[in-house]
Number of protein chains: 2
Amino acid sequence: MSLVVIGSVAYDAIETPHGKRERTLGGACTYIALSASYFTQTAIVAVVGEDFAPEDRVLLERRDVDLEGLEQVPGKTFFWSGVYSADMNDRTTLQTDLNVFAEFQPKLPASYVKRPYLFLGNIQPDLQLGVQQQMKTLRFTGGDTMNYWISQFRDDLLATIRHWDFLLINDSEARMLAGEHNLRRAAEKILAFGPNTLVIKRGEYGAMLFRKDTLFMVPGYLLEDVFDPTGAGDSFAGGFVGYLAQQGFDLRNGNFDFRELHRAVIYGSVMGSFCCEQFGVERFRDLTRKDIDARFEEFRRFTAF
Amino acid sequence: MSLVVIGSVAYDAIETPHGKRERTLGGACTYIALSASYFTQTAIVAVVGEDFAPEDRVLLERRDVDLEGLEQVPGKTFFWSGVYSADMNDRTTLQTDLNVFAEFQPKLPASYVKRPYLFLGNIQPDLQLGVQQQMKTLRFTGGDTMNYWISQFRDDLLATIRHWDFLLINDSEARMLAGEHNLRRAAEKILAFGPNTLVIKRGEYGAMLFRKDTLFMVPGYLLEDVFDPTGAGDSFAGGFVGYLAQQGFDLRNGNFDFRELHRAVIYGSVMGSFCCEQFGVERFRDLTRKDIDARFEEFRRFTAF
């Protein structure tokens with residue numbers, strides 16, 4: 001069933017030990033939508049500038065992403081550049097030009113407001129809350145955030161995630177949000193903030209899902225070559241939320257099979273791993289659902305005992 | 001079936017954020033043997049000094065560990081002291097007094113030489129090889145090593161592990177041994193050195209098993225409190241090798257169920273997790289096989305999808 005994704009669409013300059021790209025399509029919303037599009041009909045709400053290239057629009061359209069909510073305004077598209085360390089576990093941001101994203105006020109097209117699934121990418125918590133309030137018939141809402149909102153807009157963030165069914169963040173963000181290093185205790189605290197489900201991404205070390213009634217852990221997929229980790233966490237989010245939407249999952253009704261949530265974490269891991277195999281969004285140009293399901297089965301083989 | 005373990009028996013002074021101990025039983029051989037003793041009859045070959053306390057002998061005897069190969073000689077027992085960082089991911093060695101361990105020449109009692117399973121704890125590679133050559137009817141041999149032997153005694157180490165069925169090391173050691181950061185490629189290189197099975201321990205991030213014909217990964221058990229990680233890797237080794245010995249596993253004969261190897265990794269993870277719950281070997285005073293099997297099932301629940 002149909003999913004709405006809010007967040008950034010950007011151009012990135014990326015350098016990894018495997019090479020560099022001067023300008024490649026990026027942004028959380030882009031990765032989430034491309035990834036989710038393999039599972040469910042996906043619509044985006046985002047803003048780009050006059051420099052947004054027709055071929056990038058085509059890439060999204062080819063994946064059947066609904067672009068009615070993609071606003072194009074005078075100015076330049078959000079631009080980010082960064083360089084990764086030799087082991088790719090660290091990256092340094094060289095430049096962040098918010099450009100038209102600085103004034104982003106998400107506008108939901110009328111055709112979006114009755115869609116059942118909403119994923120709020122990492123933007124200002126107030127804006128995330130505003131979007132959620134416009135949606136009429138949600139079966140679940142979840143989202144992402146980042147260190148900046150956790151430290152500088154903590155009250156707004158808590159007021160926002162209180163209404164979410166799930167929160168999907170990385171381990172350092174979880175520790176910061178909970179003020180607790182131990183992830184098991186951090187997760188308990190965060191679940192008390194409102195979301196019934198917490199997914200913690202750990203990069204190459206995999207991911208974990210916490211609820212009051214279940215805990216699930218998966219190791220990271222072991223790639224032979226990580227070309228570029230940019231977007232892997234957002235691709236994870238797209239796989240996770242896309243699979244739940246595909247299954248018509250209702251997180252507000254406790255009456256479901258936990259294994260489906262676990263499988264959603266696996267699909268998230270699968271999508272994150274594919275993303276790293278090429279620069280930027282390039283892997284999504286030829287990736288097929290068959291490839292995805294084959295890797296899902298590979299996860300089953302290498303974790304079964 | 002019966003397992004022989006070679007390695008260090010020591011006294012440790014340990015400080016973690018949860019407290020400190022001035023002198024507590026330690027050493028790789030101690031942890032491996034205590035852990036393996038829950039699965040199979042275990043015999044040790046080690047050396048201690050005159051200061052070795054009767055109650056520490058009793059602890060091992062209560063777990064039915066065969067101490068015929070535990071030599072007591074004039075001088076002091078190996079002593080190590082260390083302090084852990086706040087997040088316990090790093091530790092600093094404050095003192096290492098090899099004492100009687102400096103002259104350790106493993107002597108196999110006659111009653112040991114026909115036992116089927118041998119685990120060579122981290123000692124000089126030449127000594128490991130010498131012990132293996134004395135064993136008459138091995139169904140498998142495996143062992144551990146450390147950075148020092150990898151960098152300073154590389155040729156000896158390669159000549160030694162060439163005869164092993166499995167090598168069990170941590171991720172930084174695997175990278176160093178292979179000269180390769182990517183673990184998938186590092187594992188391929190190490191398997192070409194001789195062992196048919198490689199187990200890589202990743203501490204809180206779990207463990208991986210590599211063979212030409214299978215790959216298995218498990219996330220780390222998520223403890224609410226890590227009191228003291230000392231000995232966790234050795235307890236993992238004891239669980240892994242102990243379970244294989246219990247099952248009468250023959251790693252030299254390809255005709256087996258891979259799932260048994262996977263389960264051995266889970267039992268290793270289970271034993272490593274219990275070890276962290278109290279200081280030193282304290283957790284082994286009251287741990288039961290029932291506790292172990294319950295945690296094994298917990299691993300199944302939180303990794304199944």
# chains A, B, ... in the order shown; residues from 1 in each chain; ligands from 1
$ interface_residues --of "chain A" --to "chain B" --cutoff "6 Å" --atoms "only C-alpha atoms" --output "VMD selection string"
chain A and resid 184 215 to 217 219 224 259 262 to 263 302 to 303 305
$ write_last_selection --atoms "N, CA and C atoms" --output "short mmCIF file (atom, residue, chain, number, x, y, z; two decimals), in the first residue's frame"
data_model
loop_
_atom_site.label_atom_id
_atom_site.label_comp_id
_atom_site.auth_asym_id
_atom_site.auth_seq_id
_atom_site.Cartn_x
_atom_site.Cartn_y
_atom_site.Cartn_z
N ARG A 184 20.70 -1.67 25.23
CA ARG A 184 19.48 -2.32 25.72
C ARG A 184 18.71 -1.35 26.63
N LEU A 215 12.61 -8.58 20.56
CA LEU A 215 13.94 -8.05 20.27
C LEU A 215 14.43 -8.84 19.07
N PHE A 216 14.98 -8.14 18.10
CA PHE A 216 15.51 -8.83 16.93
C PHE A 216 16.85 -8.21 16.56
N MET A 217 17.82 -9.05 16.20
CA MET A 217 19.13 -8.56 15.81
C MET A 217 19.58 -9.26 14.54
N PRO A 219 23.16 -9.39 11.92
CA PRO A 219 24.50 -8.88 11.62
C PRO A 219 24.50 -8.18 10.26
N GLU A 224 32.15 -7.79 -0.25
CA GLU A 224 33.54 -7.97 -0.69
C GLU A 224 34.17 -6.58 -0.89
N ARG A 259 7.43 -11.86 13.23
CA ARG A 259 8.40 -12.25 12.21
C ARG A 259 8.38 -11.30 11.01
N HIS A 262 10.61 -8.59 11.80
CA HIS A 262 11.99 -9.06 11.67
C HIS A 262 12.39 -9.09 10.19
N ARG A 263 11.48 -9.59 9.36
CA ARG A 263 11.78 -9.64 7.92
C ARG A 263 11.98 -8.25 7.35
N PHE A 302 22.95 -17.55 5.94
CA PHE A 302 24.13 -17.30 6.76
C PHE A 302 23.80 -16.90 8.20
N THR A 303 22.51 -16.93 8.55
CA THR A 303 22.17 -16.69 9.96
C THR A 303 21.42 -17.86 10.59
N PHE A 305 20.63 -21.53 12.20
CA PHE A 305 21.39 -22.53 12.98
C PHE A 305 20.47 -23.54 13.62
#
$ residues_around --residues "Glu55 in chain A" --least-positions-apart "6" --cutoff "12 Å" --atoms "only C-alpha atoms" --output "VMD selection string"
chain A and resid 24 to 25 61 to 62 285
$ write_last_selection --atoms "N, CA and C atoms" --output "compact mmCIF listing (two decimals), in the first residue's frame"
# COMPACT_ATOMS: atom_id res chain seq x y z
N THR A 24 26.48 13.97 -7.77
CA THR A 24 25.64 12.80 -8.01
C THR A 24 24.37 12.95 -7.18
N LEU A 25 23.28 12.44 -7.69
CA LEU A 25 22.00 12.57 -7.00
C LEU A 25 22.09 11.94 -5.61
N GLU A 61 11.21 8.55 -11.79
CA GLU A 61 9.98 8.16 -12.50
C GLU A 61 10.04 6.71 -12.98
N ARG A 62 11.21 6.30 -13.40
CA ARG A 62 11.37 4.91 -13.86
C ARG A 62 11.08 3.92 -12.74
N ARG A 285 20.03 1.78 -10.40
CA ARG A 285 19.71 1.85 -11.84
C ARG A 285 19.38 0.49 -12.42
$ residues_around --residues "Lys290 in chain B" --least-positions-apart "5" --cutoff "10 Å" --atoms "only C-alpha atoms" --output "CSV table (one decimal) with C-alpha atoms, in the first residue's frame"
chain,number,residue,atom,x,y,z
B,38,TYR,CA,29.8,-27.6,30.4
B,295,ARG,CA,20.3,-18.5,26.4
B,296,PHE,CA,20.9,-20.6,23.2
$ residues_around --residues "Ser273 in chain B" --least-positions-apart "2" --cutoff "8 Å" --atoms "only C-alpha atoms" --output "list in words"
Tyr221, Leu223, Ala232, Ser269, Val270, Met271, Cys275, Cys276 and Glu277 of chain B
$ write_last_selection --atoms "N, CA and C atoms" --output "mmCIF file, in the first residue's frame"
data_model
loop_
_atom_site.group_PDB
_atom_site.id
_atom_site.type_symbol
_atom_site.label_atom_id
_atom_site.label_comp_id
_atom_site.auth_asym_id
_atom_site.auth_seq_id
_atom_site.Cartn_x
_atom_site.Cartn_y
_atom_site.Cartn_z
ATOM 1 N N TYR B 221 25.285 -10.948 21.825
ATOM 2 C CA TYR B 221 24.180 -10.930 22.790
ATOM 3 C C TYR B 221 24.179 -9.573 23.472
ATOM 4 N N LEU B 223 23.771 -7.523 26.385
ATOM 5 C CA LEU B 223 23.674 -7.555 27.844
ATOM 6 C C LEU B 223 23.181 -6.227 28.390
ATOM 7 N N ALA B 232 36.117 -13.126 27.870
ATOM 8 C CA ALA B 232 34.930 -13.416 27.056
ATOM 9 C C ALA B 232 35.310 -14.162 25.772
ATOM 10 N N SER B 269 29.080 -17.848 21.574
ATOM 11 C CA SER B 269 28.541 -16.523 21.893
ATOM 12 C C SER B 269 27.843 -16.530 23.244
ATOM 13 N N VAL B 270 27.103 -17.589 23.508
ATOM 14 C CA VAL B 270 26.404 -17.725 24.788
ATOM 15 C C VAL B 270 27.414 -17.697 25.941
ATOM 16 N N MET B 271 28.487 -18.470 25.808
ATOM 17 C CA MET B 271 29.468 -18.563 26.897
ATOM 18 C C MET B 271 30.213 -17.235 27.074
ATOM 19 N N CYS B 275 30.197 -14.863 30.547
ATOM 20 C CA CYS B 275 31.466 -14.479 31.177
ATOM 21 C C CYS B 275 31.481 -13.002 31.567
ATOM 22 N N CYS B 276 30.861 -12.153 30.727
ATOM 23 C CA CYS B 276 30.886 -10.697 30.971
ATOM 24 C C CYS B 276 29.988 -10.267 32.121
ATOM 25 N N GLU B 277 29.142 -11.160 32.610
ATOM 26 C CA GLU B 277 28.137 -10.752 33.598
ATOM 27 C C GLU B 277 28.697 -10.563 35.004
#
$ atom_distance --atom1 "CA of Ala10 in chain B" --atom2 "CA of Ile200 in chain B"
24.4 Å
$ atom_distance --atom1 "CA of Thr96 in chain B" --atom2 "CA of Trp80 in chain B"
4.6 Å
$ residues_around --residues "range 115-118 of chain A" --least-positions-apart "4" --cutoff "8 Å" --atoms "only C-alpha atoms" --output "PyMOL selection string"
chain A and resi 1-5+132+135-142+245
$ select_by_dssp --residues "range 94-284 of chain A" --states "strand (DSSP E or B)" --output "PyMOL selection string"
chain A and resi 94-97+117-120+140-143+166-170+197-201+207-210+215-218
$ write_last_selection --atoms "N, CA and C atoms" --output "PDB file, in the first residue's frame"
ATOM      1  N   LEU A  94      32.799  18.145   3.990  1.00  0.00           N
ATOM      2  CA  LEU A  94      33.619  19.255   3.496  1.00  0.00           C
ATOM      3  C   LEU A  94      32.766  20.495   3.272  1.00  0.00           C
ATOM      4  N   GLN A  95      31.517  20.280   2.879  1.00  0.00           N
ATOM      5  CA  GLN A  95      30.680  21.426   2.513  1.00  0.00           C
ATOM      6  C   GLN A  95      29.207  21.038   2.650  1.00  0.00           C
ATOM      7  N   THR A  96      28.411  21.941   3.197  1.00  0.00           N
ATOM      8  CA  THR A  96      26.958  21.738   3.240  1.00  0.00           C
ATOM      9  C   THR A  96      26.301  23.046   2.818  1.00  0.00           C
ATOM     10  N   ASP A  97      25.702  23.065   1.649  1.00  0.00           N
ATOM     11  CA  ASP A  97      24.957  24.253   1.207  1.00  0.00           C
ATOM     12  C   ASP A  97      23.481  23.883   1.181  1.00  0.00           C
ATOM     13  N   TYR A 117       0.634   5.103   4.753  1.00  0.00           N
ATOM     14  CA  TYR A 117       1.960   4.989   5.373  1.00  0.00           C
ATOM     15  C   TYR A 117       2.784   6.248   5.165  1.00  0.00           C
ATOM     16  N   LEU A 118       3.452   6.682   6.252  1.00  0.00           N
ATOM     17  CA  LEU A 118       4.233   7.923   6.208  1.00  0.00           C
ATOM     18  C   LEU A 118       5.601   7.690   6.817  1.00  0.00           C
ATOM     19  N   PHE A 119       6.632   8.052   6.071  1.00  0.00           N
ATOM     20  CA  PHE A 119       7.986   8.036   6.642  1.00  0.00           C
ATOM     21  C   PHE A 119       8.559   9.442   6.604  1.00  0.00           C
ATOM     22  N   LEU A 120       8.889   9.951   7.799  1.00  0.00           N
ATOM     23  CA  LEU A 120       9.380  11.310   7.948  1.00  0.00           C
ATOM     24  C   LEU A 120      10.899  11.289   8.015  1.00  0.00           C
ATOM     25  N   PHE A 140       0.526   3.639   9.819  1.00  0.00           N
ATOM     26  CA  PHE A 140       1.701   3.887  10.647  1.00  0.00           C
ATOM     27  C   PHE A 140       2.482   5.104  10.192  1.00  0.00           C
ATOM     28  N   THR A 141       3.186   5.686  11.142  1.00  0.00           N
ATOM     29  CA  THR A 141       4.102   6.797  10.890  1.00  0.00           C
ATOM     30  C   THR A 141       5.414   6.461  11.574  1.00  0.00           C
ATOM     31  N   GLY A 142       6.493   6.694  10.871  1.00  0.00           N
ATOM     32  CA  GLY A 142       7.790   6.537  11.506  1.00  0.00           C
ATOM     33  C   GLY A 142       8.752   7.508  10.896  1.00  0.00           C
ATOM     34  N   GLY A 143       9.923   7.588  11.467  1.00  0.00           N
ATOM     35  CA  GLY A 143      10.877   8.517  10.900  1.00  0.00           C
ATOM     36  C   GLY A 143      12.254   8.398  11.488  1.00  0.00           C
ATOM     37  N   PHE A 166       7.135   4.125  14.887  1.00  0.00           N
ATOM     38  CA  PHE A 166       8.515   3.659  14.994  1.00  0.00           C
ATOM     39  C   PHE A 166       9.512   4.782  14.744  1.00  0.00           C
ATOM     40  N   LEU A 167      10.661   4.606  15.374  1.00  0.00           N
ATOM     41  CA  LEU A 167      11.787   5.518  15.195  1.00  0.00           C
ATOM     42  C   LEU A 167      12.933   4.673  14.651  1.00  0.00           C
ATOM     43  N   LEU A 168      13.630   5.218  13.650  1.00  0.00           N
ATOM     44  CA  LEU A 168      14.691   4.456  12.986  1.00  0.00           C
ATOM     45  C   LEU A 168      15.941   5.335  12.981  1.00  0.00           C
ATOM     46  N   ILE A 169      16.896   5.033  13.848  1.00  0.00           N
ATOM     47  CA  ILE A 169      18.090   5.877  13.991  1.00  0.00           C
ATOM     48  C   ILE A 169      19.340   5.013  14.103  1.00  0.00           C
ATOM     49  N   ASN A 170      20.510   5.656  14.116  1.00  0.00           N
ATOM     50  CA  ASN A 170      21.716   4.840  14.288  1.00  0.00           C
ATOM     51  C   ASN A 170      22.102   4.760  15.769  1.00  0.00           C
ATOM     52  N   THR A 197       7.992   0.873  18.445  1.00  0.00           N
ATOM     53  CA  THR A 197       9.043   0.103  17.778  1.00  0.00           C
ATOM     54  C   THR A 197      10.259   0.995  17.547  1.00  0.00           C
ATOM     55  N   LEU A 198      11.427   0.464  17.878  1.00  0.00           N
ATOM     56  CA  LEU A 198      12.670   1.208  17.660  1.00  0.00           C
ATOM     57  C   LEU A 198      13.604   0.346  16.825  1.00  0.00           C
ATOM     58  N   VAL A 199      14.099   0.919  15.738  1.00  0.00           N
ATOM     59  CA  VAL A 199      15.098   0.219  14.932  1.00  0.00           C
ATOM     60  C   VAL A 199      16.402   0.994  15.050  1.00  0.00           C
ATOM     61  N   ILE A 200      17.458   0.292  15.465  1.00  0.00           N
ATOM     62  CA  ILE A 200      18.771   0.921  15.583  1.00  0.00           C
ATOM     63  C   ILE A 200      19.692   0.344  14.521  1.00  0.00           C
ATOM     64  N   LYS A 201      20.212   1.244  13.679  1.00  0.00           N
ATOM     65  CA  LYS A 201      21.143   0.834  12.618  1.00  0.00           C
ATOM     66  C   LYS A 201      22.566   0.931  13.152  1.00  0.00           C
ATOM     67  N   ALA A 207      21.872  -4.419  12.480  1.00  0.00           N
ATOM     68  CA  ALA A 207      20.752  -3.627  12.982  1.00  0.00           C
ATOM     69  C   ALA A 207      20.006  -4.411  14.056  1.00  0.00           C
ATOM     70  N   MET A 208      19.224  -3.661  14.841  1.00  0.00           N
ATOM     71  CA  MET A 208      18.448  -4.269  15.918  1.00  0.00           C
ATOM     72  C   MET A 208      17.059  -3.649  15.923  1.00  0.00           C
ATOM     73  N   LEU A 209      16.072  -4.445  16.297  1.00  0.00           N
ATOM     74  CA  LEU A 209      14.721  -3.930  16.465  1.00  0.00           C
ATOM     75  C   LEU A 209      14.273  -4.224  17.890  1.00  0.00           C
ATOM     76  N   PHE A 210      13.742  -3.206  18.541  1.00  0.00           N
ATOM     77  CA  PHE A 210      13.276  -3.334  19.913  1.00  0.00           C
ATOM     78  C   PHE A 210      11.795  -2.990  20.003  1.00  0.00           C
ATOM     79  N   LEU A 215      12.612  -8.579  20.557  1.00  0.00           N
ATOM     80  CA  LEU A 215      13.941  -8.046  20.265  1.00  0.00           C
ATOM     81  C   LEU A 215      14.434  -8.838  19.070  1.00  0.00           C
ATOM     82  N   PHE A 216      14.980  -8.136  18.098  1.00  0.00           N
ATOM     83  CA  PHE A 216      15.514  -8.826  16.928  1.00  0.00           C
ATOM     84  C   PHE A 216      16.850  -8.213  16.559  1.00  0.00           C
ATOM     85  N   MET A 217      17.815  -9.049  16.197  1.00  0.00           N
ATOM     86  CA  MET A 217      19.126  -8.560  15.809  1.00  0.00           C
ATOM     87  C   MET A 217      19.577  -9.257  14.541  1.00  0.00           C
ATOM     88  N   VAL A 218      20.235  -8.498  13.691  1.00  0.00           N
ATOM     89  CA  VAL A 218      20.808  -9.090  12.483  1.00  0.00           C
ATOM     90  C   VAL A 218      22.216  -8.526  12.279  1.00  0.00           C
TER      91      VAL A 218
END
$ select_by_dssp --residues "range 142-281 of chain A" --states "helix (DSSP H, G or I)" --output "count of residues only"
67
$ closest_residue --among "A:Val100, A:Arg252, A:Leu129, A:Thr145" --to "Asp165 in chain A" --atoms "only C-alpha atoms"
A:Arg252
$ closest_residue --among "B:Arg154, B:Lys107, B:Arg91, B:Arg211" --to "Gln72 in chain B" --atoms "only C-alpha atoms"
B:Lys107
$ atom_distance --atom1 "CA of Gln247 in chain A" --atom2 "CA of Thr160 in chain A"
25.8 Å
$ closest_residue --among "B:Asp12, B:Asp286, B:Asp64, B:Asp234" --to "Thr93 in chain B" --atoms "only C-alpha atoms"
B:Asp12
